[in-house]
file input-v4.pdb (PDB, C-alpha atoms)
ATOM      1  CA  ALA A  32      -0.381  22.572 -21.099
ATOM      2  CA  PRO A  33      -0.132  22.667 -17.296
ATOM      3  CA  ALA A  34      -3.422  22.938 -15.523
ATOM      4  CA  ALA A  35      -4.321  26.366 -14.256
ATOM      5  CA  GLU A  36      -3.732  26.690 -10.546
ATOM      6  CA  THR A  37      -6.747  27.722  -8.551
ATOM      7  CA  PRO A  38      -6.038  30.167  -5.715
ATOM      8  CA  ARG A  39      -6.683  28.780  -2.283
ATOM      9  CA  LYS A  40      -9.545  30.315  -0.445
ATOM     10  CA  ARG A  41      -8.471  31.656   2.867
ATOM     11  CA  ALA A  42     -10.901  31.275   5.703
ATOM     12  CA  ARG A  43     -12.086  34.636   6.870
ATOM     13  CA  VAL A  44     -12.350  35.022  10.594
ATOM     14  CA  ASP A  45     -14.730  37.753  11.698
ATOM     15  CA  LYS A  46     -13.918  39.200  15.058
ATOM     16  CA  LYS A  47     -17.076  40.179  16.862
ATOM     17  CA  GLU A  48     -16.861  43.561  18.522
ATOM     18  CA  SER A  49     -19.639  44.208  21.003
ATOM     19  CA  CYS A  50     -20.403  47.313  23.049
ATOM     20  CA  LEU A  51     -22.497  47.088  26.165
ATOM     21  CA  PRO A  52     -23.978  50.030  28.118
ATOM     22  CA  VAL A  53     -23.431  49.374  31.812
ATOM     23  CA  THR A  54     -23.549  50.975  35.223
ATOM     24  CA  ILE A  55     -20.868  51.011  37.912
ATOM     25  CA  ARG A  56     -22.954  48.597  39.958
ATOM     26  CA  ALA A  57     -23.051  46.154  37.041
ATOM     27  CA  MET A  58     -19.262  46.304  36.712
ATOM     28  CA  GLU A  59     -18.827  45.661  40.434
ATOM     29  CA  MET A  60     -21.141  42.636  40.244
ATOM     30  CA  ALA A  61     -19.251  41.258  37.227
ATOM     31  CA  LEU A  62     -15.940  41.611  39.085
ATOM     32  CA  SER A  63     -17.395  39.862  42.126
ATOM     33  CA  GLN A  64     -18.737  37.017  40.000
ATOM     34  CA  ARG A  65     -15.384  36.552  38.269
ATOM     35  CA  ALA A  66     -13.607  36.404  41.635
ATOM     36  CA  SER A  67     -16.047  33.775  42.946
ATOM     37  CA  THR A  68     -15.924  31.536  39.850
ATOM     38  CA  GLY A  69     -12.200  31.931  39.141
ATOM     39  CA  GLU A  70     -12.781  32.642  35.436
ATOM     40  CA  ASP A  71     -10.519  34.919  33.436
ATOM     41  CA  ALA A  72     -13.246  36.553  31.355
ATOM     42  CA  LEU A  73     -15.440  39.321  32.716
ATOM     43  CA  LYS A  74     -19.043  38.381  31.942
ATOM     44  CA  PHE A  75     -22.187  40.474  32.013
ATOM     45  CA  TYR A  76     -25.330  38.302  32.041
ATOM     46  CA  GLY A  77     -23.404  35.494  30.333
ATOM     47  CA  SER A  78     -21.926  37.789  27.659
ATOM     48  CA  GLU A  79     -18.318  38.935  27.209
ATOM     49  CA  PRO A  80     -18.445  42.441  25.708
ATOM     50  CA  SER A  81     -15.245  43.886  24.356
ATOM     51  CA  THR A  82     -16.191  47.502  25.158
ATOM     52  CA  LEU A  83     -18.229  49.006  27.978
ATOM     53  CA  ILE A  84     -20.093  52.321  27.774
ATOM     54  CA  LEU A  85     -20.543  54.374  30.930
ATOM     55  CA  VAL A  86     -22.271  57.695  31.640
ATOM     56  CA  ALA A  87     -21.492  59.195  35.052
ATOM     57  CA  ALA A  88     -20.814  62.385  36.931
ATOM     58  CA  VAL A  89     -17.283  63.516  37.704
ATOM     59  CA  GLU A  90     -16.668  63.846  41.421
ATOM     60  CA  SER A  91     -12.960  64.640  41.216
ATOM     61  CA  VAL A  92     -10.292  64.942  38.539
ATOM     62  CA  VAL A  93      -6.507  65.038  38.729
ATOM     63  CA  ARG A  94      -4.281  65.797  35.760
ATOM     64  CA  GLN A  95      -0.936  64.012  35.825
ATOM     65  CA  GLY A  96       1.207  64.549  32.758
ATOM     66  CA  ALA A  97      -0.447  62.671  29.921
ATOM     67  CA  SER A  98      -3.272  61.142  31.946
ATOM     68  CA  LEU A  99      -6.470  62.108  33.707
ATOM     69  CA  GLU A 100      -7.517  60.342  36.878
ATOM     70  CA  MET A 101     -11.129  60.774  37.870
ATOM     71  CA  THR A 102     -13.683  59.510  40.341
ATOM     72  CA  LEU A 103     -17.007  58.754  38.658
ATOM     73  CA  ASN A 104     -20.429  58.346  40.226
ATOM     74  CA  ASP A 105     -23.575  57.273  38.332
ATOM     75  CA  ALA A 106     -25.917  56.932  41.365
ATOM     76  CA  THR A 107     -25.381  53.136  41.413
ATOM     77  CA  GLY A 108     -21.805  53.246  42.666
ATOM     78  CA  ARG A 109     -18.469  55.018  42.656
ATOM     79  CA  MET A 110     -15.354  53.977  40.728
ATOM     80  CA  LYS A 111     -11.948  55.328  39.781
ATOM     81  CA  ALA A 112     -11.309  56.074  36.110
ATOM     82  CA  ARG A 113      -8.190  56.770  34.083
ATOM     83  CA  PHE A 114      -7.764  58.266  30.641
ATOM     84  CA  PHE A 115      -4.454  58.572  28.789
ATOM     85  CA  VAL A 116      -4.267  61.693  26.655
ATOM     86  CA  THR A 117      -2.734  60.917  23.268
ATOM     87  CA  GLU A 118      -3.209  64.357  21.733
ATOM     88  CA  ALA A 119      -4.039  67.830  22.961
ATOM     89  CA  ALA A 120      -7.780  68.461  23.113
ATOM     90  CA  ALA A 121      -9.494  71.591  24.341
ATOM     91  CA  TYR A 122     -12.555  69.725  25.631
ATOM     92  CA  LEU A 123     -10.445  67.986  28.279
ATOM     93  CA  ASP A 124     -10.213  71.277  30.161
ATOM     94  CA  ARG A 125     -14.003  71.209  30.499
ATOM     95  CA  ILE A 126     -13.930  67.951  32.462
ATOM     96  CA  VAL A 127     -14.384  69.323  35.946
ATOM     97  CA  PRO A 128     -16.204  68.065  39.047
ATOM     98  CA  GLY A 129     -19.963  68.240  38.602
ATOM     99  CA  ARG A 130     -19.956  67.600  34.846
ATOM    100  CA  TYR A 131     -21.301  64.409  33.279
ATOM    101  CA  VAL A 132     -19.108  62.476  30.865
ATOM    102  CA  SER A 133     -19.756  59.603  28.486
ATOM    103  CA  ALA A 134     -16.842  57.202  28.247
ATOM    104  CA  PHE A 135     -16.099  53.828  26.680
ATOM    105  CA  GLY A 136     -13.428  51.369  27.724
ATOM    106  CA  SER A 137     -12.954  48.352  29.983
ATOM    107  CA  VAL A 138     -12.609  47.439  33.640
ATOM    108  CA  ARG A 139      -9.153  46.807  35.068
ATOM    109  CA  ALA A 140      -8.346  45.257  38.431
ATOM    110  CA  ALA A 141      -4.693  46.351  38.668
ATOM    111  CA  PRO A 142      -3.161  48.247  40.298
ATOM    112  CA  VAL A 143      -6.616  49.030  41.705
ATOM    113  CA  VAL A 144     -10.091  48.508  40.350
ATOM    114  CA  HIS A 145     -10.720  51.288  37.834
ATOM    115  CA  PHE A 146     -12.380  52.037  34.528
ATOM    116  CA  ALA A 147      -9.763  52.328  31.783
ATOM    117  CA  MET A 148     -11.233  54.821  29.333
ATOM    118  CA  ASN A 149     -10.331  54.591  25.659
ATOM    119  CA  GLY A 150     -12.397  57.665  24.884
ATOM    120  CA  VAL A 151     -14.358  60.288  26.767
ATOM    121  CA  ARG A 152     -16.581  63.245  25.912
ATOM    122  CA  ILE A 153     -18.687  65.825  27.700
ATOM    123  CA  VAL A 154     -22.421  65.089  28.069
ATOM    124  CA  GLU A 155     -24.229  68.112  26.646
ATOM    125  CA  SER A 156     -27.824  67.186  27.531
ATOM    126  CA  ALA A 157     -29.448  65.681  30.606
ATOM    127  CA  ASP A 158     -31.473  63.439  28.318
ATOM    128  CA  GLU A 159     -28.321  61.471  27.525
ATOM    129  CA  VAL A 160     -28.200  60.285  31.131
ATOM    130  CA  SER A 161     -31.796  59.026  30.957
ATOM    131  CA  TYR A 162     -31.254  57.423  27.550
ATOM    132  CA  HIS A 163     -28.182  55.629  28.843
ATOM    133  CA  MET A 164     -30.084  54.125  31.782
ATOM    134  CA  ILE A 165     -32.841  52.956  29.412
ATOM    135  CA  GLU A 166     -30.243  51.326  27.163
ATOM    136  CA  VAL A 167     -28.676  49.634  30.195
ATOM    137  CA  ALA A 168     -32.034  48.137  31.213
ATOM    138  CA  HIS A 169     -32.885  47.076  27.653
ATOM    139  CA  ALA A 170     -29.517  45.386  27.122
ATOM    140  CA  ALA A 171     -29.776  43.557  30.463
ATOM    141  CA  VAL A 172     -33.249  42.202  29.640
ATOM    142  CA  ARG A 173     -32.161  41.067  26.174
ATOM    143  CA  LEU A 174     -29.026  39.317  27.431
ATOM    144  CA  ARG A 175     -30.905  37.595  30.248
ATOM    145  CA  LYS A 176     -33.520  36.383  27.775
ATOM    146  CA  ASP A 177     -30.824  34.952  25.498
ATOM    147  CA  GLN A 178     -29.118  33.375  28.498
ATOM    148  CA  ASN A 179     -32.363  31.661  29.579
ATOM    149  CA  LYS A 180     -32.897  30.309  26.054
ATOM    150  CA  ALA A 181     -29.416  28.816  26.093
ATOM    151  CA  GLU A 182     -29.932  27.240  29.512
ATOM    152  CA  VAL A 183     -33.295  25.582  28.740
ATOM    153  CA  PRO A 184     -31.862  22.882  26.377
ATOM    154  CA  LYS A 185     -29.058  22.291  28.862
ATOM    155  CA  ARG A 186     -31.496  21.749  31.728
ATOM    156  CA  ALA A 187     -33.669  19.493  29.557
ATOM    157  CA  PHE A 188     -30.637  17.385  28.631
ATOM    158  CA  GLU A 189     -29.580  17.080  32.272
ATOM    159  CA  GLU A 190     -33.078  16.057  33.331
ATOM    160  CA  ALA A 191     -33.291  13.477  30.552
ATOM    161  CA  ALA A 192     -29.868  12.079  31.421
ATOM    162  CA  GLU A 193     -30.806  11.840  35.079
ATOM    163  CA  ARG A 194     -34.077  10.124  34.207
ATOM    164  CA  PHE A 195     -32.507   7.512  31.933
ATOM    165  CA  LEU A 196     -29.280   6.899  33.841
ATOM    166  CA  THR A 197     -30.677   6.803  37.377
ATOM    167  CA  PRO A 198     -32.244   3.422  38.269
ATOM    168  CA  GLU A 199     -35.846   3.652  39.296
ATOM    169  CA  LYS A 200     -36.764   2.657  42.833
ATOM    170  CA  LEU A 201     -39.029  -0.398  42.996
ATOM    171  CA  GLN A 202     -42.233   0.267  44.887
ATOM    172  CA  PRO A 203     -43.395  -2.454  47.338
ATOM    173  CA  ALA A 204     -46.286  -4.515  46.002
ATOM    174  CA  VAL A 205     -49.608  -3.712  47.668
ATOM    175  CA  PRO A 206     -51.724  -6.869  48.338
ATOM    176  CA  SER A 207     -55.105  -6.711  46.679
ATOM    177  CA  THR A 208     -58.316  -6.909  48.712
ATOM    178  CA  ALA A 209     -59.610  -9.861  46.723
ATOM    179  CA  ALA A 210     -56.516 -11.942  47.489
ATOM    180  CA  ALA A 211     -56.730 -11.161  51.235
ATOM    181  CA  GLU A 212     -60.256 -12.521  51.632
ATOM    182  CA  PRO A 213     -60.469 -16.319  52.366
ATOM    183  CA  ALA A 214     -62.008 -18.366  49.622
ATOM    184  CA  LYS A 215     -65.524 -19.653  50.326
ATOM    185  CA  PRO A 216     -65.930 -23.469  50.376
ATOM    186  CA  ALA A 217     -67.643 -24.834  47.324
ATOM    187  CA  SER A 218     -71.176 -26.063  47.903
ATOM    188  CA  VAL A 219     -71.537 -29.850  47.764
ATOM    189  CA  ALA A 220     -74.414 -31.063  45.708
ATOM    190  CA  PRO A 221     -76.651 -33.693  47.431
ATOM    191  CA  ALA A 222     -76.053 -37.256  46.378
ATOM    192  CA  ALA A 223     -78.477 -38.448  43.780
ATOM    193  CA  LYS A 224     -80.914 -41.178  44.835
ATOM    194  CA  PRO A 225     -80.428 -44.461  43.043
ATOM    195  CA  ALA A 226     -82.939 -45.018  40.336
ATOM    196  CA  ALA A 227     -85.560 -47.780  40.832
ATOM    197  CA  GLY A 228     -84.567 -50.926  39.034
ATOM    198  CA  PRO A 229     -85.507 -54.578  38.906
ATOM    199  CA  PRO A 230     -85.516 -56.329  42.299
ATOM    200  CA  GLY A 231     -82.518 -58.324  43.316
ATOM    201  CA  ARG A 232     -82.366 -61.953  44.334
ATOM    202  CA  GLY A 233     -83.092 -61.331  48.041
ATOM    203  CA  GLU A 234     -86.022 -59.043  47.529
ATOM    204  CA  PRO A 235     -88.684 -61.672  46.354
ATOM    205  CA  ARG A 236     -87.853 -63.919  49.304
ATOM    206  CA  ALA A 237     -88.238 -61.011  51.815
ATOM    207  CA  ALA A 238     -91.514 -59.992  50.250
ATOM    208  CA  LEU A 239     -92.868 -63.620  50.391
ATOM    209  CA  SER A 240     -92.024 -64.031  54.085
ATOM    210  CA  GLY A 241     -93.845 -60.785  54.853
ATOM    211  CA  LEU A 242     -96.994 -62.064  53.199
ATOM    212  CA  MET A 243     -96.881 -65.334  55.130
ATOM    213  CA  GLN A 244     -96.495 -63.540  58.464
ATOM    214  CA  GLY A 245     -99.376 -61.288  57.655
ATOM    215  CA  SER A 246    -101.659 -64.211  56.950
TER
END

call {"tool": "encode", "arguments": {"input": "input-v4.pdb", "output": "structure tokens"}}
result
Amino acid sequence: APAAETPRKRARVDKKESCLPVTIRAMEMALSQRASTGEDALKFYGSEPSTLILVAAVESVVRQGASLEMTLNDATGRMKARFFVTEAAAYLDRIVPGRYVSAFGSVRAAPVVHFAMNGVRIVESADEVSYHMIEVAHAAVRLRKDQNKAEVPKRAFEEAAERFLTPEKLQPAVPSTAAAEPAKPASVAPAAKPAAGPPGRGEPRAALSGLMQGS
């Protein structure tokens, strides 16, 4: 009988969707950083969120066919915003200058820098504005902390590579004090006196002549 065929397991790819609460100032800084580095991705504290959440006041609004063009201000900056209306909604008539809105979307640089809103709603309570600013600060601290953790091993590796690959500079030898001092001459021991021994051949004759002269 033919062996039973086992179905192949298909690798499942999970697409990470991340939402990040931001301010207009944060979006302007991210755009400036992208322009200076030349990267394609728009990064916030080293992260690439797919959706941005913004809470701001409406300064002006213009309805053009199936779109709304607004100017938003959240006390950190001012930015244009655009929302394409896909279906009739009564709440859109309530978006007037002076009202706060909560929107999610992304930043676009063409034709001009603006916030492309995928969804927008009216802010009903002033507490939502305060909560949004708290969430912005909390998310920034968390992302910066994660970014620092990721950079510490990188810095340690670079320091280790520099330490092991860079030749060490030889320090000049410092002469020691003991070697600089002149050596003292060794003391010479006095010559030992010859020990008294038996008289030689000339000694008896000299002693005899001395006795004869003395007599």

call {"tool": "atom_distance", "arguments": {"input": "input-v4.pdb", "atom1": "atom CA of Glu100 of chain A", "atom2": "atom CA of Val160 of chain A"}}
result
21.5 Å

call {"tool": "atom_distance", "arguments": {"input": "input-v4.pdb", "atom1": "atom CA of Asp105 of chain A", "atom2": "atom CA of Gly69 of chain A"}}
result
27.8 Å

call {"tool": "closest_residue", "arguments": {"input": "input-v4.pdb", "among": "A:Val132, A:Asp177, A:Leu51, A:Ala170", "to": "Ser156 of chain A", "atoms": "only C-alpha atoms"}}
result
A:Val132

call {"tool": "atom_distance", "arguments": {"input": "input-v4.pdb", "atom1": "atom CA of Thr107 of chain A", "atom2": "atom CA of Asp158 of chain A"}}
result
17.7 Å

call {"tool": "residues_near_point", "arguments": {"input": "input-v4.pdb", "point": "(-8.3, 51.0, 29.8)", "cutoff": "10 Å", "atoms": "all atoms listed in the file", "output": "MDAnalysis selection string"}}
result
chainID A and resid 82 112:115 135:139 145:150

call {"tool": "closest_residue", "arguments": {"input": "input-v4.pdb", "among": "A:Thr54, A:Ser49, A:Asn179, A:Ser67", "to": "Leu103 of chain A", "atoms": "all atoms listed in the file"}}
result
A:Thr54

call {"tool": "closest_residue", "arguments": {"input": "input-v4.pdb", "among": "A:Arg65, A:Asn104, A:Gly129, A:Ser98", "to": "Thr117 of chain A", "atoms": "all atoms listed in the file"}}
result
A:Ser98

call {"tool": "closest_residue", "arguments": {"input": "input-v4.pdb", "among": "A:Ile165, A:Leu73, A:Ala106, A:Cys50", "to": "Ala88 of chain A", "atoms": "all atoms listed in the file"}}
result
A:Ala106

call {"tool": "closest_residue", "arguments": {"input": "input-v4.pdb", "among": "A:Ser63, A:Ser78, A:Ser161, A:Thr68", "to": "Val144 of chain A", "atoms": "all atoms listed in the file"}}
result
A:Ser63

call {"tool": "axis_aligned_box", "arguments": {"input": "input-v4.pdb", "around": "segment 147-151 of chain A", "padding_each_side": "8 Å", "output": "JSON"}}
result
{"center_x": -12.1, "center_y": 56.3, "center_z": 28.3, "size_x": 20.6, "size_y": 24.0, "size_z": 22.9}
